[in-house]
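Text of input.cif (mmCIF, N, CA, C and O atoms) as supplied:
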data_run
loop_
_atom_site.label_atom_id
_atom_site.label_comp_id
_atom_site.auth_asym_id
_atom_site.auth_seq_id
_atom_site.Cartn_x
_atom_site.Cartn_y
_atom_site.Cartn_z
N MET A 30 21.62 -22.25 -7.34
CA MET A 30 21.83 -21.20 -8.30
C MET A 30 22.34 -21.81 -9.61
O MET A 30 23.23 -22.64 -9.62
N ALA A 31 21.78 -21.42 -10.74
CA ALA A 31 22.15 -21.97 -12.04
C ALA A 31 23.49 -21.42 -12.49
O ALA A 31 23.84 -20.27 -12.21
N ASP A 32 24.25 -22.25 -13.18
CA ASP A 32 25.54 -21.84 -13.73
C ASP A 32 25.29 -21.11 -15.04
O ASP A 32 24.82 -21.69 -16.01
N LEU A 33 25.57 -19.82 -15.08
CA LEU A 33 25.31 -19.01 -16.27
C LEU A 33 26.57 -18.73 -17.08
O LEU A 33 26.61 -17.82 -17.89
N SER A 34 27.62 -19.54 -16.86
CA SER A 34 28.87 -19.33 -17.58
C SER A 34 28.70 -19.67 -19.05
O SER A 34 27.85 -20.47 -19.44
N THR A 35 29.50 -19.05 -19.86
CA THR A 35 29.47 -19.29 -21.30
C THR A 35 30.12 -20.65 -21.59
O THR A 35 31.19 -20.94 -21.08
N PRO A 36 29.47 -21.48 -22.43
CA PRO A 36 30.08 -22.78 -22.75
C PRO A 36 31.37 -22.60 -23.54
O PRO A 36 31.52 -21.64 -24.30
N SER A 37 32.29 -23.52 -23.37
CA SER A 37 33.56 -23.46 -24.10
C SER A 37 33.33 -23.81 -25.57
O SER A 37 32.28 -24.37 -25.94
N ALA A 38 34.30 -23.50 -26.39
CA ALA A 38 34.21 -23.84 -27.82
C ALA A 38 34.07 -25.35 -27.99
O ALA A 38 33.30 -25.81 -28.84
N PHE A 39 34.78 -26.12 -27.17
CA PHE A 39 34.67 -27.58 -27.23
C PHE A 39 33.24 -28.04 -26.95
O PHE A 39 32.69 -28.86 -27.68
N GLU A 40 32.63 -27.50 -25.91
CA GLU A 40 31.26 -27.89 -25.57
C GLU A 40 30.28 -27.52 -26.66
O GLU A 40 29.36 -28.28 -26.97
N MET A 41 30.48 -26.36 -27.27
CA MET A 41 29.58 -25.93 -28.34
C MET A 41 29.71 -26.83 -29.57
O MET A 41 28.71 -27.24 -30.16
N LEU A 42 30.95 -27.15 -29.95
CA LEU A 42 31.16 -28.02 -31.10
C LEU A 42 30.66 -29.44 -30.82
O LEU A 42 30.07 -30.08 -31.69
N ARG A 43 30.90 -29.92 -29.61
CA ARG A 43 30.43 -31.26 -29.25
C ARG A 43 28.92 -31.36 -29.38
O ARG A 43 28.39 -32.31 -29.94
N GLU A 44 28.20 -30.36 -28.90
CA GLU A 44 26.74 -30.36 -29.00
C GLU A 44 26.29 -30.29 -30.46
O GLU A 44 25.38 -30.99 -30.88
N GLN A 45 26.98 -29.46 -31.25
CA GLN A 45 26.64 -29.30 -32.67
C GLN A 45 26.81 -30.62 -33.42
O GLN A 45 25.95 -31.03 -34.18
N TYR A 46 27.95 -31.30 -33.20
CA TYR A 46 28.20 -32.55 -33.91
C TYR A 46 27.35 -33.69 -33.37
O TYR A 46 26.97 -34.59 -34.12
N ALA A 47 27.03 -33.69 -32.10
CA ALA A 47 26.22 -34.75 -31.52
C ALA A 47 24.84 -34.81 -32.17
O ALA A 47 24.26 -35.88 -32.33
N ARG A 48 24.32 -33.67 -32.59
CA ARG A 48 23.00 -33.66 -33.25
C ARG A 48 23.04 -34.32 -34.61
O ARG A 48 22.02 -34.76 -35.13
N ARG A 49 24.21 -34.40 -35.23
CA ARG A 49 24.35 -35.01 -36.56
C ARG A 49 24.47 -36.53 -36.51
O ARG A 49 24.31 -37.20 -37.52
N LEU A 50 24.79 -37.06 -35.36
CA LEU A 50 25.04 -38.49 -35.23
C LEU A 50 23.76 -39.28 -35.02
O LEU A 50 22.82 -38.79 -34.40
N PRO A 51 23.71 -40.51 -35.50
CA PRO A 51 22.54 -41.36 -35.25
C PRO A 51 22.49 -41.76 -33.78
O PRO A 51 23.53 -41.79 -33.10
N ALA A 52 21.31 -42.06 -33.31
CA ALA A 52 21.15 -42.49 -31.91
C ALA A 52 21.77 -43.86 -31.68
O ALA A 52 22.24 -44.16 -30.59
N SER A 53 21.77 -44.71 -32.72
CA SER A 53 22.37 -46.05 -32.59
C SER A 53 22.98 -46.46 -33.93
O SER A 53 22.68 -45.88 -34.98
N LEU A 54 23.83 -47.49 -33.87
CA LEU A 54 24.46 -47.99 -35.10
C LEU A 54 23.44 -48.60 -36.05
O LEU A 54 23.68 -48.68 -37.26
N ASP A 55 22.28 -49.02 -35.54
CA ASP A 55 21.23 -49.60 -36.39
C ASP A 55 20.70 -48.58 -37.40
O ASP A 55 20.12 -48.95 -38.42
N GLU A 56 20.87 -47.31 -37.13
CA GLU A 56 20.38 -46.26 -38.04
C GLU A 56 21.32 -46.01 -39.21
O GLU A 56 20.96 -45.32 -40.16
N LEU A 57 22.52 -46.56 -39.16
CA LEU A 57 23.48 -46.36 -40.25
C LEU A 57 23.12 -47.23 -41.44
O LEU A 57 22.69 -48.37 -41.29
N ALA A 58 23.29 -46.70 -42.63
CA ALA A 58 23.02 -47.46 -43.85
C ALA A 58 24.06 -47.07 -44.89
O ALA A 58 24.62 -45.98 -44.85
N GLY A 59 24.32 -47.96 -45.79
CA GLY A 59 25.29 -47.66 -46.84
C GLY A 59 25.32 -48.77 -47.85
O GLY A 59 24.54 -49.73 -47.77
N PRO A 60 26.20 -48.67 -48.81
CA PRO A 60 26.26 -49.67 -49.86
C PRO A 60 26.76 -51.02 -49.33
O PRO A 60 27.53 -51.07 -48.39
N THR A 61 26.28 -52.08 -49.95
CA THR A 61 26.73 -53.43 -49.59
C THR A 61 27.70 -53.99 -50.62
O THR A 61 28.23 -55.07 -50.44
N ALA A 62 27.91 -53.26 -51.71
CA ALA A 62 28.84 -53.68 -52.76
C ALA A 62 29.45 -52.45 -53.40
O ALA A 62 28.91 -51.35 -53.29
N GLY A 63 30.58 -52.65 -54.07
CA GLY A 63 31.22 -51.54 -54.77
C GLY A 63 32.26 -50.86 -53.92
O GLY A 63 32.62 -51.33 -52.84
N THR A 64 32.74 -49.75 -54.39
CA THR A 64 33.78 -48.99 -53.70
C THR A 64 33.19 -47.69 -53.18
O THR A 64 32.42 -47.03 -53.86
N VAL A 65 33.57 -47.33 -51.97
CA VAL A 65 33.12 -46.08 -51.37
C VAL A 65 34.29 -45.10 -51.36
O VAL A 65 35.38 -45.44 -50.93
N GLU A 66 34.05 -43.89 -51.82
CA GLU A 66 35.06 -42.83 -51.82
C GLU A 66 34.61 -41.79 -50.79
O GLU A 66 33.59 -41.14 -50.96
N LEU A 67 35.37 -41.67 -49.71
CA LEU A 67 35.02 -40.75 -48.64
C LEU A 67 35.50 -39.34 -48.96
O LEU A 67 36.56 -39.17 -49.56
N PRO A 68 34.75 -38.31 -48.52
CA PRO A 68 35.21 -36.94 -48.74
C PRO A 68 36.42 -36.63 -47.87
O PRO A 68 36.63 -37.24 -46.82
N LEU A 69 37.22 -35.69 -48.29
CA LEU A 69 38.46 -35.35 -47.59
C LEU A 69 38.23 -34.93 -46.15
O LEU A 69 39.04 -35.21 -45.27
N HIS A 70 37.12 -34.24 -45.85
CA HIS A 70 36.91 -33.78 -44.48
C HIS A 70 36.55 -34.92 -43.51
O HIS A 70 36.55 -34.72 -42.32
N VAL A 71 36.29 -36.11 -44.04
CA VAL A 71 35.97 -37.27 -43.20
C VAL A 71 37.20 -38.14 -42.98
O VAL A 71 37.32 -38.81 -41.96
N VAL A 72 38.13 -38.13 -43.91
CA VAL A 72 39.27 -39.04 -43.89
C VAL A 72 40.42 -38.42 -43.10
O VAL A 72 40.86 -37.32 -43.38
N TRP A 73 40.90 -39.16 -42.10
CA TRP A 73 42.04 -38.69 -41.31
C TRP A 73 43.32 -39.38 -41.74
O TRP A 73 44.39 -38.83 -41.60
N SER A 74 43.21 -40.59 -42.24
CA SER A 74 44.41 -41.36 -42.56
C SER A 74 44.97 -41.04 -43.94
O SER A 74 46.08 -41.46 -44.25
N GLY A 75 44.21 -40.36 -44.77
CA GLY A 75 44.63 -40.09 -46.13
C GLY A 75 44.08 -41.10 -47.12
O GLY A 75 44.04 -40.87 -48.30
N ARG A 76 43.63 -42.25 -46.65
CA ARG A 76 43.05 -43.27 -47.51
C ARG A 76 41.57 -42.96 -47.70
O ARG A 76 40.81 -42.93 -46.75
N ARG A 77 41.15 -42.71 -48.93
CA ARG A 77 39.78 -42.29 -49.19
C ARG A 77 38.89 -43.38 -49.78
O ARG A 77 37.68 -43.30 -49.66
N SER A 78 39.45 -44.39 -50.45
CA SER A 78 38.65 -45.41 -51.13
C SER A 78 38.66 -46.72 -50.36
O SER A 78 39.72 -47.19 -49.94
N TYR A 79 37.49 -47.29 -50.21
CA TYR A 79 37.33 -48.58 -49.54
C TYR A 79 36.41 -49.45 -50.38
O TYR A 79 35.40 -48.97 -50.89
N GLY A 80 36.76 -50.73 -50.53
CA GLY A 80 35.97 -51.64 -51.32
C GLY A 80 35.89 -53.00 -50.65
O GLY A 80 36.41 -53.19 -49.56
N PRO A 81 35.24 -53.97 -51.31
CA PRO A 81 35.07 -55.31 -50.72
C PRO A 81 36.40 -56.01 -50.50
O PRO A 81 37.38 -55.73 -51.18
N LYS A 82 36.43 -56.94 -49.54
CA LYS A 82 37.64 -57.72 -49.28
C LYS A 82 38.03 -58.48 -50.55
O LYS A 82 37.20 -58.91 -51.31
N GLY A 83 39.34 -58.62 -50.74
CA GLY A 83 39.82 -59.33 -51.92
C GLY A 83 40.13 -58.39 -53.07
O GLY A 83 40.81 -58.77 -54.00
N SER A 84 39.64 -57.16 -53.02
CA SER A 84 39.96 -56.20 -54.06
C SER A 84 41.18 -55.40 -53.62
O SER A 84 41.69 -55.56 -52.52
N ALA A 85 41.65 -54.55 -54.48
CA ALA A 85 42.82 -53.73 -54.15
C ALA A 85 42.53 -52.82 -52.96
O ALA A 85 43.40 -52.49 -52.19
N ARG A 86 41.30 -52.42 -52.82
CA ARG A 86 40.89 -51.56 -51.69
C ARG A 86 39.85 -52.33 -50.87
O ARG A 86 38.77 -52.62 -51.37
N THR A 87 40.16 -52.64 -49.65
CA THR A 87 39.28 -53.46 -48.84
C THR A 87 38.50 -52.64 -47.83
O THR A 87 38.91 -51.55 -47.45
N TRP A 88 37.35 -53.17 -47.40
CA TRP A 88 36.54 -52.50 -46.38
C TRP A 88 37.29 -52.40 -45.07
O TRP A 88 37.26 -51.43 -44.38
N SER A 89 37.96 -53.48 -44.70
CA SER A 89 38.68 -53.47 -43.43
C SER A 89 40.13 -53.07 -43.67
O SER A 89 40.72 -53.46 -44.67
N PRO A 90 40.69 -52.28 -42.78
CA PRO A 90 42.07 -51.85 -42.96
C PRO A 90 43.06 -52.97 -42.64
O PRO A 90 43.59 -53.06 -41.55
N SER A 91 43.28 -53.86 -43.60
CA SER A 91 44.21 -54.99 -43.36
C SER A 91 45.42 -54.90 -44.25
O SER A 91 45.50 -54.14 -45.14
#

Is it possible to give me this structure as structure tokens?
Amino acid sequence: MADLSTPSAFEMLREQYARRLPASLDELAGPTAGTVELPLHVVWSGRRSYGPKGSARTWSPS
């Protein structure tokens, strides 16, 4: 017998966001130089700008 229960809010959001993600990391693309400014809804740490190593804002969080 099939489970006809209503999916939870978590399950619904997980499915919705999963469709937005690439199948693999190879599908990701972005700039190779310059500074990237992330939108507020993406940033959890509060740090929005990332740039090449050696600059005031580095790609890696060091």

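Contact shell of region 72-84 of chain A at 7 Å (all atoms listed in the file; same-chain neighbours under 5 positions omitted): Thr61, Ala62, Gly63, Thr64, Val65, Glu66, Leu67 and Ser89 of chain A.
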
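Between CA of Pro51 (chain A) and atom O of Thr35 (chain A) the separation is 26.3 Å.
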
Which of chain A fall in strand (DSSP E), as an MDAnalysis selection string: chainID A and resid 65:66 78:79

Atom C of Arg49 (chain A) to atom N of Pro36 (chain A), distance in Å rounded to a single decimal: 21.2 Å

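The space between atom N of Gly59 (chain A) and CA of Phe39 (chain A) spans 29.4 Å.
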
DSSP alpha helix (DSSP H) residues within chain A, listed as a PyMOL selection string: chain A and resi 38-47
